[in-house]
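Enquirer: My structure is stored as start27.txt, with compact mmCIF, N, CA and C atoms.
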# COMPACT_ATOMS: atom_id res chain seq x y z
N MET A 1 -7.35 -18.35 -10.74
CA MET A 1 -6.09 -17.71 -11.01
C MET A 1 -5.20 -18.72 -11.72
N PHE A 2 -4.58 -18.29 -12.79
CA PHE A 2 -3.73 -19.16 -13.57
C PHE A 2 -2.30 -18.67 -13.53
N ARG A 3 -1.40 -19.60 -13.73
CA ARG A 3 0.02 -19.32 -13.72
C ARG A 3 0.56 -19.56 -15.11
N PRO A 4 1.25 -18.59 -15.73
CA PRO A 4 1.80 -18.85 -17.06
C PRO A 4 2.98 -19.81 -16.98
N VAL A 5 3.05 -20.69 -17.94
CA VAL A 5 4.14 -21.66 -18.00
C VAL A 5 4.71 -21.62 -19.40
N VAL A 6 6.03 -21.57 -19.51
CA VAL A 6 6.70 -21.58 -20.80
C VAL A 6 6.98 -23.04 -21.16
N ARG A 7 6.53 -23.43 -22.33
CA ARG A 7 6.75 -24.81 -22.79
C ARG A 7 7.51 -24.78 -24.10
N LEU A 8 8.38 -25.76 -24.28
CA LEU A 8 9.09 -25.93 -25.55
C LEU A 8 8.39 -26.99 -26.36
N SER A 9 8.11 -26.68 -27.60
CA SER A 9 7.49 -27.68 -28.46
C SER A 9 8.60 -28.53 -29.09
N THR A 10 8.20 -29.54 -29.84
CA THR A 10 9.20 -30.42 -30.47
C THR A 10 10.02 -29.67 -31.50
N SER A 11 9.47 -28.57 -32.04
CA SER A 11 10.22 -27.79 -33.03
C SER A 11 11.13 -26.77 -32.36
N GLY A 12 11.10 -26.70 -31.04
CA GLY A 12 11.97 -25.77 -30.32
C GLY A 12 11.36 -24.39 -30.14
N VAL A 13 10.09 -24.20 -30.51
CA VAL A 13 9.43 -22.91 -30.38
C VAL A 13 8.79 -22.83 -29.00
N ARG A 14 9.02 -21.71 -28.37
CA ARG A 14 8.43 -21.52 -27.04
C ARG A 14 6.99 -21.05 -27.17
N SER A 15 6.14 -21.55 -26.32
CA SER A 15 4.76 -21.08 -26.29
C SER A 15 4.36 -20.87 -24.84
N LEU A 16 3.47 -19.92 -24.64
CA LEU A 16 2.96 -19.64 -23.29
C LEU A 16 1.62 -20.33 -23.14
N THR A 17 1.49 -21.12 -22.13
CA THR A 17 0.20 -21.71 -21.81
C THR A 17 -0.13 -21.37 -20.37
N ARG A 18 -1.38 -21.52 -20.04
CA ARG A 18 -1.79 -21.24 -18.67
C ARG A 18 -2.21 -22.55 -18.02
N THR A 19 -1.73 -22.74 -16.82
CA THR A 19 -2.13 -23.92 -16.06
C THR A 19 -2.70 -23.48 -14.74
N ARG A 20 -3.46 -24.33 -14.13
CA ARG A 20 -4.02 -24.02 -12.82
C ARG A 20 -2.91 -24.12 -11.78
N PRO A 21 -2.92 -23.23 -10.79
CA PRO A 21 -1.89 -23.30 -9.76
C PRO A 21 -2.12 -24.51 -8.85
N CYS A 22 -1.07 -24.94 -8.23
CA CYS A 22 -1.18 -26.08 -7.32
C CYS A 22 -1.58 -25.64 -5.92
N TYR A 23 -1.77 -24.37 -5.73
CA TYR A 23 -2.19 -23.83 -4.43
C TYR A 23 -3.52 -23.13 -4.61
N SER A 24 -4.20 -22.85 -3.51
CA SER A 24 -5.48 -22.15 -3.62
C SER A 24 -5.22 -20.67 -3.85
N ALA A 25 -6.02 -20.09 -4.68
CA ALA A 25 -5.87 -18.68 -5.01
C ALA A 25 -6.28 -17.83 -3.81
N PRO A 26 -5.58 -16.73 -3.58
CA PRO A 26 -5.97 -15.86 -2.46
C PRO A 26 -7.30 -15.20 -2.75
N SER A 27 -8.05 -14.98 -1.68
CA SER A 27 -9.35 -14.33 -1.83
C SER A 27 -9.16 -12.83 -1.97
N ALA A 28 -10.24 -12.14 -2.23
CA ALA A 28 -10.17 -10.69 -2.42
C ALA A 28 -9.89 -9.95 -1.12
N SER A 29 -10.14 -10.60 0.01
CA SER A 29 -9.88 -9.93 1.29
C SER A 29 -8.41 -10.03 1.64
N ARG A 30 -8.01 -9.23 2.55
CA ARG A 30 -6.61 -9.22 2.97
C ARG A 30 -6.27 -10.54 3.65
N CYS A 31 -5.09 -11.03 3.36
CA CYS A 31 -4.69 -12.34 3.89
C CYS A 31 -4.46 -12.30 5.40
N TYR A 32 -4.09 -11.15 5.92
CA TYR A 32 -3.78 -11.08 7.34
C TYR A 32 -4.99 -10.77 8.20
N SER A 33 -6.13 -10.58 7.59
CA SER A 33 -7.33 -10.26 8.35
C SER A 33 -8.23 -11.48 8.43
N HIS A 34 -8.70 -11.77 9.64
CA HIS A 34 -9.62 -12.87 9.84
C HIS A 34 -11.04 -12.36 10.06
N ALA A 35 -11.21 -11.05 9.94
CA ALA A 35 -12.53 -10.47 10.17
C ALA A 35 -13.42 -10.68 8.95
N LYS A 36 -14.71 -10.77 9.20
CA LYS A 36 -15.68 -10.92 8.13
C LYS A 36 -15.78 -9.61 7.36
N VAL A 37 -15.85 -9.68 6.05
CA VAL A 37 -16.00 -8.50 5.22
C VAL A 37 -17.46 -8.07 5.26
N GLU A 38 -17.70 -6.80 5.56
CA GLU A 38 -19.05 -6.28 5.69
C GLU A 38 -19.57 -5.83 4.33
N THR A 39 -20.76 -6.27 3.96
CA THR A 39 -21.36 -5.84 2.70
C THR A 39 -21.91 -4.42 2.85
N ASP A 40 -22.25 -3.81 1.72
CA ASP A 40 -22.82 -2.46 1.76
C ASP A 40 -24.14 -2.44 2.52
N GLU A 41 -24.97 -3.47 2.33
CA GLU A 41 -26.25 -3.53 3.01
C GLU A 41 -26.07 -3.67 4.52
N GLU A 42 -25.10 -4.49 4.93
CA GLU A 42 -24.83 -4.65 6.37
C GLU A 42 -24.30 -3.35 6.97
N PHE A 43 -23.45 -2.66 6.22
CA PHE A 43 -22.91 -1.38 6.66
C PHE A 43 -24.03 -0.37 6.88
N ASP A 44 -24.92 -0.26 5.88
CA ASP A 44 -26.05 0.67 5.99
C ASP A 44 -26.95 0.30 7.16
N ALA A 45 -27.25 -0.99 7.31
CA ALA A 45 -28.12 -1.44 8.40
C ALA A 45 -27.49 -1.15 9.76
N ARG A 46 -26.18 -1.30 9.86
CA ARG A 46 -25.49 -1.04 11.14
C ARG A 46 -25.64 0.43 11.53
N TRP A 47 -25.47 1.34 10.56
CA TRP A 47 -25.56 2.76 10.89
C TRP A 47 -27.01 3.20 11.10
N VAL A 48 -27.94 2.64 10.35
CA VAL A 48 -29.35 2.97 10.59
C VAL A 48 -29.74 2.54 11.99
N THR A 49 -29.32 1.35 12.39
CA THR A 49 -29.61 0.85 13.74
C THR A 49 -28.96 1.75 14.80
N TYR A 50 -27.72 2.18 14.55
CA TYR A 50 -27.01 3.03 15.50
C TYR A 50 -27.78 4.33 15.74
N PHE A 51 -28.21 5.00 14.66
CA PHE A 51 -28.89 6.28 14.82
C PHE A 51 -30.36 6.12 15.23
N SER A 52 -30.89 4.91 15.10
CA SER A 52 -32.29 4.68 15.48
C SER A 52 -32.46 4.30 16.94
N LYS A 53 -31.37 4.21 17.68
CA LYS A 53 -31.49 3.88 19.10
C LYS A 53 -32.36 4.93 19.79
N PRO A 54 -33.36 4.50 20.54
CA PRO A 54 -34.24 5.48 21.19
C PRO A 54 -33.54 6.28 22.29
N ASP A 55 -32.48 5.72 22.86
CA ASP A 55 -31.81 6.40 23.97
C ASP A 55 -30.49 7.05 23.54
N ILE A 56 -30.33 7.34 22.26
CA ILE A 56 -29.09 7.98 21.79
C ILE A 56 -29.00 9.38 22.40
N ASP A 57 -27.80 9.77 22.78
CA ASP A 57 -27.63 11.12 23.32
C ASP A 57 -26.83 11.95 22.33
N ALA A 58 -26.65 13.22 22.63
CA ALA A 58 -25.99 14.15 21.71
C ALA A 58 -24.55 13.74 21.44
N TRP A 59 -23.86 13.24 22.46
CA TRP A 59 -22.48 12.83 22.26
C TRP A 59 -22.39 11.66 21.30
N GLU A 60 -23.27 10.66 21.47
CA GLU A 60 -23.26 9.50 20.58
C GLU A 60 -23.62 9.90 19.15
N LEU A 61 -24.54 10.83 19.01
CA LEU A 61 -24.91 11.32 17.68
C LEU A 61 -23.71 11.95 16.99
N LYS A 62 -23.03 12.85 17.69
CA LYS A 62 -21.87 13.53 17.10
C LYS A 62 -20.72 12.57 16.85
N LYS A 63 -20.50 11.63 17.77
CA LYS A 63 -19.44 10.64 17.59
C LYS A 63 -19.73 9.77 16.37
N GLY A 64 -20.98 9.34 16.23
CA GLY A 64 -21.36 8.52 15.07
C GLY A 64 -21.20 9.27 13.76
N MET A 65 -21.61 10.53 13.73
CA MET A 65 -21.47 11.31 12.49
C MET A 65 -20.01 11.57 12.16
N ASN A 66 -19.19 11.86 13.17
CA ASN A 66 -17.76 12.07 12.91
C ASN A 66 -17.13 10.80 12.36
N THR A 67 -17.49 9.66 12.90
CA THR A 67 -16.95 8.40 12.41
C THR A 67 -17.43 8.14 10.98
N LEU A 68 -18.71 8.34 10.75
CA LEU A 68 -19.29 8.09 9.43
C LEU A 68 -18.70 9.02 8.38
N ILE A 69 -18.54 10.27 8.69
CA ILE A 69 -17.97 11.23 7.73
C ILE A 69 -16.49 10.94 7.50
N GLY A 70 -15.84 10.31 8.46
CA GLY A 70 -14.42 9.97 8.31
C GLY A 70 -14.17 8.87 7.30
N TYR A 71 -15.20 8.09 6.96
CA TYR A 71 -15.03 7.04 5.96
C TYR A 71 -14.91 7.66 4.57
N ASP A 72 -14.38 6.89 3.66
CA ASP A 72 -14.21 7.35 2.29
C ASP A 72 -15.48 7.05 1.49
N LEU A 73 -16.57 7.68 1.88
CA LEU A 73 -17.85 7.49 1.21
C LEU A 73 -18.79 8.61 1.57
N VAL A 74 -19.84 8.74 0.78
CA VAL A 74 -20.94 9.65 1.11
C VAL A 74 -22.06 8.76 1.63
N PRO A 75 -22.57 9.02 2.83
CA PRO A 75 -23.60 8.14 3.40
C PRO A 75 -24.85 8.05 2.53
N GLU A 76 -25.47 6.89 2.56
CA GLU A 76 -26.72 6.67 1.83
C GLU A 76 -27.85 7.50 2.45
N PRO A 77 -28.87 7.82 1.67
CA PRO A 77 -30.00 8.60 2.21
C PRO A 77 -30.67 7.96 3.42
N LYS A 78 -30.76 6.63 3.46
CA LYS A 78 -31.44 6.00 4.60
C LYS A 78 -30.64 6.17 5.89
N ILE A 79 -29.32 6.24 5.80
CA ILE A 79 -28.49 6.50 6.98
C ILE A 79 -28.71 7.94 7.44
N LEU A 80 -28.70 8.86 6.48
CA LEU A 80 -28.90 10.28 6.82
C LEU A 80 -30.31 10.51 7.37
N ASP A 81 -31.28 9.78 6.85
CA ASP A 81 -32.64 9.88 7.36
C ASP A 81 -32.69 9.51 8.84
N SER A 82 -32.06 8.41 9.21
CA SER A 82 -32.09 8.00 10.62
C SER A 82 -31.28 8.96 11.49
N ALA A 83 -30.19 9.54 10.95
CA ALA A 83 -29.42 10.53 11.71
C ALA A 83 -30.23 11.80 11.93
N LEU A 84 -30.95 12.24 10.90
CA LEU A 84 -31.78 13.44 11.05
C LEU A 84 -32.94 13.21 12.02
N ARG A 85 -33.48 12.01 12.02
CA ARG A 85 -34.54 11.68 12.98
C ARG A 85 -33.99 11.65 14.41
N ALA A 86 -32.73 11.21 14.56
CA ALA A 86 -32.10 11.24 15.88
C ALA A 86 -31.92 12.69 16.34
N CYS A 87 -31.55 13.57 15.41
CA CYS A 87 -31.43 14.99 15.75
C CYS A 87 -32.77 15.55 16.22
N ARG A 88 -33.83 15.13 15.55
CA ARG A 88 -35.16 15.62 15.93
C ARG A 88 -35.56 15.11 17.31
N ARG A 89 -35.24 13.84 17.60
CA ARG A 89 -35.56 13.29 18.93
C ARG A 89 -34.82 14.05 20.02
N LEU A 90 -33.62 14.55 19.68
CA LEU A 90 -32.82 15.30 20.65
C LEU A 90 -33.13 16.80 20.60
N ASN A 91 -34.02 17.22 19.69
CA ASN A 91 -34.32 18.64 19.48
C ASN A 91 -33.03 19.43 19.21
N ASP A 92 -32.20 18.88 18.33
CA ASP A 92 -30.90 19.47 18.02
C ASP A 92 -30.86 19.88 16.55
N LEU A 93 -31.45 21.04 16.25
CA LEU A 93 -31.50 21.53 14.89
C LEU A 93 -30.10 21.83 14.35
N ALA A 94 -29.24 22.35 15.20
CA ALA A 94 -27.88 22.70 14.76
C ALA A 94 -27.14 21.47 14.23
N SER A 95 -27.28 20.33 14.91
CA SER A 95 -26.61 19.11 14.44
C SER A 95 -27.20 18.64 13.12
N ALA A 96 -28.50 18.80 12.94
CA ALA A 96 -29.13 18.40 11.68
C ALA A 96 -28.57 19.21 10.51
N ILE A 97 -28.43 20.51 10.72
CA ILE A 97 -27.88 21.36 9.66
C ILE A 97 -26.40 21.05 9.44
N ARG A 98 -25.67 20.75 10.50
CA ARG A 98 -24.26 20.37 10.35
C ARG A 98 -24.12 19.07 9.55
N ILE A 99 -25.06 18.15 9.77
CA ILE A 99 -25.03 16.89 9.01
C ILE A 99 -25.19 17.19 7.52
N LEU A 100 -26.14 18.04 7.18
CA LEU A 100 -26.34 18.38 5.78
C LEU A 100 -25.14 19.12 5.19
N GLU A 101 -24.53 20.00 6.00
CA GLU A 101 -23.32 20.69 5.53
C GLU A 101 -22.17 19.71 5.32
N ALA A 102 -22.02 18.76 6.24
CA ALA A 102 -20.94 17.78 6.12
C ALA A 102 -21.12 16.91 4.89
N VAL A 103 -22.36 16.54 4.61
CA VAL A 103 -22.62 15.72 3.43
C VAL A 103 -22.34 16.51 2.16
N LYS A 104 -22.70 17.79 2.15
CA LYS A 104 -22.40 18.63 0.99
C LYS A 104 -20.90 18.74 0.79
N ASP A 105 -20.17 18.93 1.87
CA ASP A 105 -18.72 19.01 1.79
C ASP A 105 -18.12 17.67 1.35
N LYS A 106 -18.67 16.60 1.86
CA LYS A 106 -18.18 15.26 1.54
C LYS A 106 -18.41 14.92 0.07
N SER A 107 -19.46 15.48 -0.53
CA SER A 107 -19.75 15.23 -1.94
C SER A 107 -18.65 15.78 -2.84
N GLY A 108 -17.95 16.79 -2.35
CA GLY A 108 -16.80 17.33 -3.06
C GLY A 108 -17.11 17.81 -4.46
N PRO A 109 -16.27 17.41 -5.40
CA PRO A 109 -16.45 17.92 -6.77
C PRO A 109 -17.60 17.26 -7.53
N HIS A 110 -18.20 16.24 -6.96
CA HIS A 110 -19.31 15.55 -7.63
C HIS A 110 -20.60 16.32 -7.36
N LYS A 111 -20.92 17.24 -8.25
CA LYS A 111 -22.02 18.19 -8.04
C LYS A 111 -23.40 17.54 -8.10
N ASP A 112 -23.51 16.31 -8.56
CA ASP A 112 -24.82 15.68 -8.66
C ASP A 112 -25.20 14.87 -7.43
N ILE A 113 -24.28 14.63 -6.51
CA ILE A 113 -24.57 13.80 -5.34
C ILE A 113 -25.43 14.54 -4.32
N TYR A 114 -25.05 15.76 -3.96
CA TYR A 114 -25.78 16.50 -2.93
C TYR A 114 -27.22 16.79 -3.34
N PRO A 115 -27.48 17.25 -4.57
CA PRO A 115 -28.90 17.45 -4.95
C PRO A 115 -29.71 16.14 -4.91
N TYR A 116 -29.07 15.03 -5.26
CA TYR A 116 -29.76 13.74 -5.18
C TYR A 116 -30.12 13.42 -3.73
N LEU A 117 -29.18 13.63 -2.80
CA LEU A 117 -29.45 13.35 -1.40
C LEU A 117 -30.57 14.24 -0.86
N ILE A 118 -30.53 15.51 -1.21
CA ILE A 118 -31.59 16.43 -0.76
C ILE A 118 -32.94 16.01 -1.34
N GLN A 119 -32.94 15.58 -2.61
CA GLN A 119 -34.18 15.11 -3.23
C GLN A 119 -34.72 13.89 -2.49
N GLU A 120 -33.85 12.96 -2.14
CA GLU A 120 -34.28 11.76 -1.43
C GLU A 120 -34.71 12.05 0.01
N LEU A 121 -34.09 13.06 0.62
CA LEU A 121 -34.39 13.39 2.02
C LEU A 121 -35.51 14.43 2.15
N GLN A 122 -35.98 14.98 1.05
CA GLN A 122 -36.97 16.06 1.11
C GLN A 122 -38.22 15.70 1.92
N PRO A 123 -38.80 14.51 1.75
CA PRO A 123 -39.97 14.19 2.59
C PRO A 123 -39.64 14.17 4.09
N THR A 124 -38.47 13.67 4.44
CA THR A 124 -38.06 13.65 5.84
C THR A 124 -37.81 15.06 6.36
N LEU A 125 -37.16 15.89 5.55
CA LEU A 125 -36.89 17.27 5.96
C LEU A 125 -38.20 18.03 6.20
N ILE A 126 -39.17 17.83 5.33
CA ILE A 126 -40.48 18.49 5.49
C ILE A 126 -41.18 17.97 6.74
N GLU A 127 -41.17 16.65 6.90
CA GLU A 127 -41.84 16.04 8.06
C GLU A 127 -41.25 16.52 9.38
N LEU A 128 -39.92 16.64 9.43
CA LEU A 128 -39.25 17.02 10.67
C LEU A 128 -39.11 18.53 10.83
N GLY A 129 -39.42 19.29 9.80
CA GLY A 129 -39.30 20.75 9.88
C GLY A 129 -37.87 21.23 9.86
N ILE A 130 -37.02 20.55 9.12
CA ILE A 130 -35.59 20.91 9.04
C ILE A 130 -35.36 21.63 7.72
N SER A 131 -34.74 22.79 7.79
CA SER A 131 -34.39 23.55 6.59
C SER A 131 -32.99 23.16 6.14
N THR A 132 -32.78 23.21 4.83
CA THR A 132 -31.45 22.94 4.31
C THR A 132 -30.58 24.19 4.49
N PRO A 133 -29.27 24.03 4.44
CA PRO A 133 -28.41 25.22 4.53
C PRO A 133 -28.71 26.23 3.42
N GLU A 134 -29.12 25.76 2.24
CA GLU A 134 -29.46 26.67 1.15
C GLU A 134 -30.71 27.46 1.47
N ASP A 135 -31.71 26.82 2.09
CA ASP A 135 -32.93 27.53 2.49
C ASP A 135 -32.63 28.62 3.52
N LEU A 136 -31.63 28.39 4.34
CA LEU A 136 -31.26 29.37 5.37
C LEU A 136 -30.29 30.43 4.87
N GLY A 137 -29.87 30.32 3.61
CA GLY A 137 -28.93 31.29 3.04
C GLY A 137 -27.50 31.08 3.45
N MET A 138 -27.18 29.90 3.96
CA MET A 138 -25.82 29.65 4.43
C MET A 138 -24.87 29.30 3.29
N ASP A 139 -25.39 29.03 2.10
CA ASP A 139 -24.52 28.71 0.98
C ASP A 139 -23.94 29.94 0.31
N ILE A 140 -24.47 31.10 0.65
CA ILE A 140 -24.01 32.34 0.04
C ILE A 140 -22.71 32.81 0.69
N LEU A 141 -22.51 32.49 1.94
CA LEU A 141 -21.33 32.97 2.66
C LEU A 141 -20.05 32.48 2.06
Can you give me the file's structure in the form of structure tokens?
Expert:
Amino acid sequence: MFRPVVRLSTSGVRSLTRTRPCYSAPSASRCYSHAKVETDEEFDARWVTYFSKPDIDAWELKKGMNTLIGYDLVPEPKILDSALRACRRLNDLASAIRILEAVKDKSGPHKDIYPYLIQELQPTLIELGISTPEDLGMDIL
């Protein structure tokens, strides 16, 4: 980070030069936060681990999905894969379909995101026997 400095030359003409500041430049993270900034890979791994817990119950599944959908992002396919597998372990088809509906809603006006997610999740959906809301005719309503 540089600081502009106005200098007068011998002819009296002002010129702008840049000099290095005498203090350390602030980092990209917030100055008042001492927490470590989580990378995208760490974020994804945290949620995959959360949904991959063998003893997850229905409340934890719904709580995790509500928290995840509350973020300003569309979850990566690997996170959704582990969430759908958690639904299958719980024999909770309704939650699996709700997850797909929530992701479709979360995609918003970006019409290419949801088809990409379905394409990436298609092997998992076939393996687990989960139908998409479109297969069930729920998109017509």
Enquirer: Write down as a PyMOL selection string the residues of segment 15-122 of chain A whose backbone DSSP state falls under strand (DSSP E or B).
Expert: chain A and resi 15-19
Enquirer: Provide the atom CA of Asp72 of chain A to atom CA of Ser95 of chain A distance in Å, to one decimal place.
Expert: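 Atom CA of Asp72 of chain A sits 21.0 Å away from atom CA of Ser95 of chain A.
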Enquirer: Determine, counting only C-alpha atoms, which protein, DNA and RNA residues have an atom within 10 Å of an atom of Ala83 of chain A; residues of the same chain fewer than 5 positions away are not included. Present the result as a PyMOL selection string.
Expert: chain A and resi 47-52+61-62+64-65+77-78+88-89+95-96+99
Enquirer: Taking all atoms listed in the file into account, name the residue in A:Ala86, A:Leu93, A:Ala45, A:Ile69 that is nearest to Asp57 of chain A.
Expert: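 Checking each of A:Ala86, A:Leu93, A:Ala45, A:Ile69 against Asp57 of chain A, counting all atoms listed in the file, the winner is A:Ala86.
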Enquirer: Could you pull the residues within 8 Å of Lys104 of chain A, counting all atoms listed in the file, minus those fewer than 4 positions along the same chain, as a ChimeraX atom specification?
Expert: /A:98-100,108-109,113-115
Enquirer: So how many Å separate atom CA of Ala102 of chain A and atom C of Val37 of chain A, to one decimal?
Expert: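 These two atoms are separated by 26.1 Å.
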Enquirer: Under the rule that all atoms listed in the file are counted, which of A:Ser107, A:Leu84, A:Asp112, A:Asn91 is the nearest residue to Thr124 of chain A?
Expert: A:Leu84
Enquirer: From the set A:Ile79, A:Leu68, A:Ile97, A:Ala58, which residue has the shortest atom-to-atom contact distance to Leu125 of chain A, counting only C-alpha atoms?
Expert: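 That would be A:Ile97, the residue with the smallest distance to Leu125 of chain A.
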Enquirer: Please put the answer as AutoDock Vina command-line options: centre and edge lengths, in Å with one decimal, of a box along x, y and z that encloses all listed atoms of segment 62-75 of chain A plus 3 Å on each side.
Expert:
--center_x -19.5 --center_y 10.2 --center_z 9.3 --size_x 16.7 --size_y 12.6 --size_z 23.0
Enquirer: Rounded to one decimal, what separation in Å do you get between atom CA of Ala35 of chain A and atom CA of Lys63 of chain A?
Expert: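 These atoms are spaced 23.4 Å apart.
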Enquirer: Render segment 36-53 of chain A from the structure in the preceding block as a file of N, CA and C atoms, as an mmCIF file, in the first residue's frame.
Expert:
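In the end it all went to out.cif:
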data_model
loop_
_atom_site.group_PDB
_atom_site.id
_atom_site.type_symbol
_atom_site.label_atom_id
_atom_site.label_comp_id
_atom_site.auth_asym_id
_atom_site.auth_seq_id
_atom_site.Cartn_x
_atom_site.Cartn_y
_atom_site.Cartn_z
ATOM 1 N N LYS A 36 -9.192 -16.930 12.640
ATOM 2 C CA LYS A 36 -8.550 -17.353 11.406
ATOM 3 C C LYS A 36 -9.566 -17.318 10.275
ATOM 4 N N VAL A 37 -9.169 -16.838 9.117
ATOM 5 C CA VAL A 37 -10.049 -16.797 7.959
ATOM 6 C C VAL A 37 -10.087 -18.194 7.347
ATOM 7 N N GLU A 38 -11.293 -18.705 7.130
ATOM 8 C CA GLU A 38 -11.479 -20.051 6.612
ATOM 9 C C GLU A 38 -11.446 -20.032 5.081
ATOM 10 N N THR A 39 -10.645 -20.902 4.484
ATOM 11 C CA THR A 39 -10.601 -20.993 3.026
ATOM 12 C C THR A 39 -11.829 -21.748 2.521
ATOM 13 N N ASP A 40 -12.048 -21.684 1.211
ATOM 14 C CA ASP A 40 -13.177 -22.398 0.618
ATOM 15 C C ASP A 40 -13.050 -23.902 0.821
ATOM 16 N N GLU A 41 -11.828 -24.427 0.701
ATOM 17 C CA GLU A 41 -11.616 -25.859 0.873
ATOM 18 C C GLU A 41 -11.891 -26.283 2.316
ATOM 19 N N GLU A 42 -11.465 -25.464 3.271
ATOM 20 C CA GLU A 42 -11.723 -25.778 4.684
ATOM 21 C C GLU A 42 -13.218 -25.714 4.987
ATOM 22 N N PHE A 43 -13.901 -24.736 4.397
ATOM 23 C CA PHE A 43 -15.345 -24.606 4.574
ATOM 24 C C PHE A 43 -16.056 -25.851 4.052
ATOM 25 N N ASP A 44 -15.699 -26.260 2.826
ATOM 26 C CA ASP A 44 -16.315 -27.454 2.238
ATOM 27 C C ASP A 44 -16.032 -28.691 3.077
ATOM 28 N N ALA A 45 -14.779 -28.845 3.513
ATOM 29 C CA ALA A 45 -14.402 -30.017 4.314
ATOM 30 C C ALA A 45 -15.153 -30.038 5.645
ATOM 31 N N ARG A 46 -15.364 -28.870 6.234
ATOM 32 C CA ARG A 46 -16.088 -28.802 7.515
ATOM 33 C C ARG A 46 -17.521 -29.300 7.343
ATOM 34 N N TRP A 47 -18.182 -28.881 6.262
ATOM 35 C CA TRP A 47 -19.571 -29.287 6.066
ATOM 36 C C TRP A 47 -19.679 -30.739 5.610
ATOM 37 N N VAL A 48 -18.738 -31.205 4.809
ATOM 38 C CA VAL A 48 -18.752 -32.620 4.421
ATOM 39 C C VAL A 48 -18.583 -33.483 5.662
ATOM 40 N N THR A 49 -17.669 -33.100 6.537
ATOM 41 C CA THR A 49 -17.456 -33.836 7.790
ATOM 42 C C THR A 49 -18.710 -33.801 8.664
ATOM 43 N N TYR A 50 -19.363 -32.641 8.729
ATOM 44 C CA TYR A 50 -20.572 -32.502 9.544
ATOM 45 C C TYR A 50 -21.655 -33.477 9.078
ATOM 46 N N PHE A 51 -21.915 -33.514 7.772
ATOM 47 C CA PHE A 51 -22.985 -34.375 7.259
ATOM 48 C C PHE A 51 -22.565 -35.842 7.174
ATOM 49 N N SER A 52 -21.268 -36.105 7.252
ATOM 50 C CA SER A 52 -20.786 -37.494 7.171
ATOM 51 C C SER A 52 -20.740 -38.187 8.527
ATOM 52 N N LYS A 53 -21.107 -37.489 9.581
ATOM 53 C CA LYS A 53 -21.106 -38.128 10.905
ATOM 54 C C LYS A 53 -22.042 -39.332 10.880
#
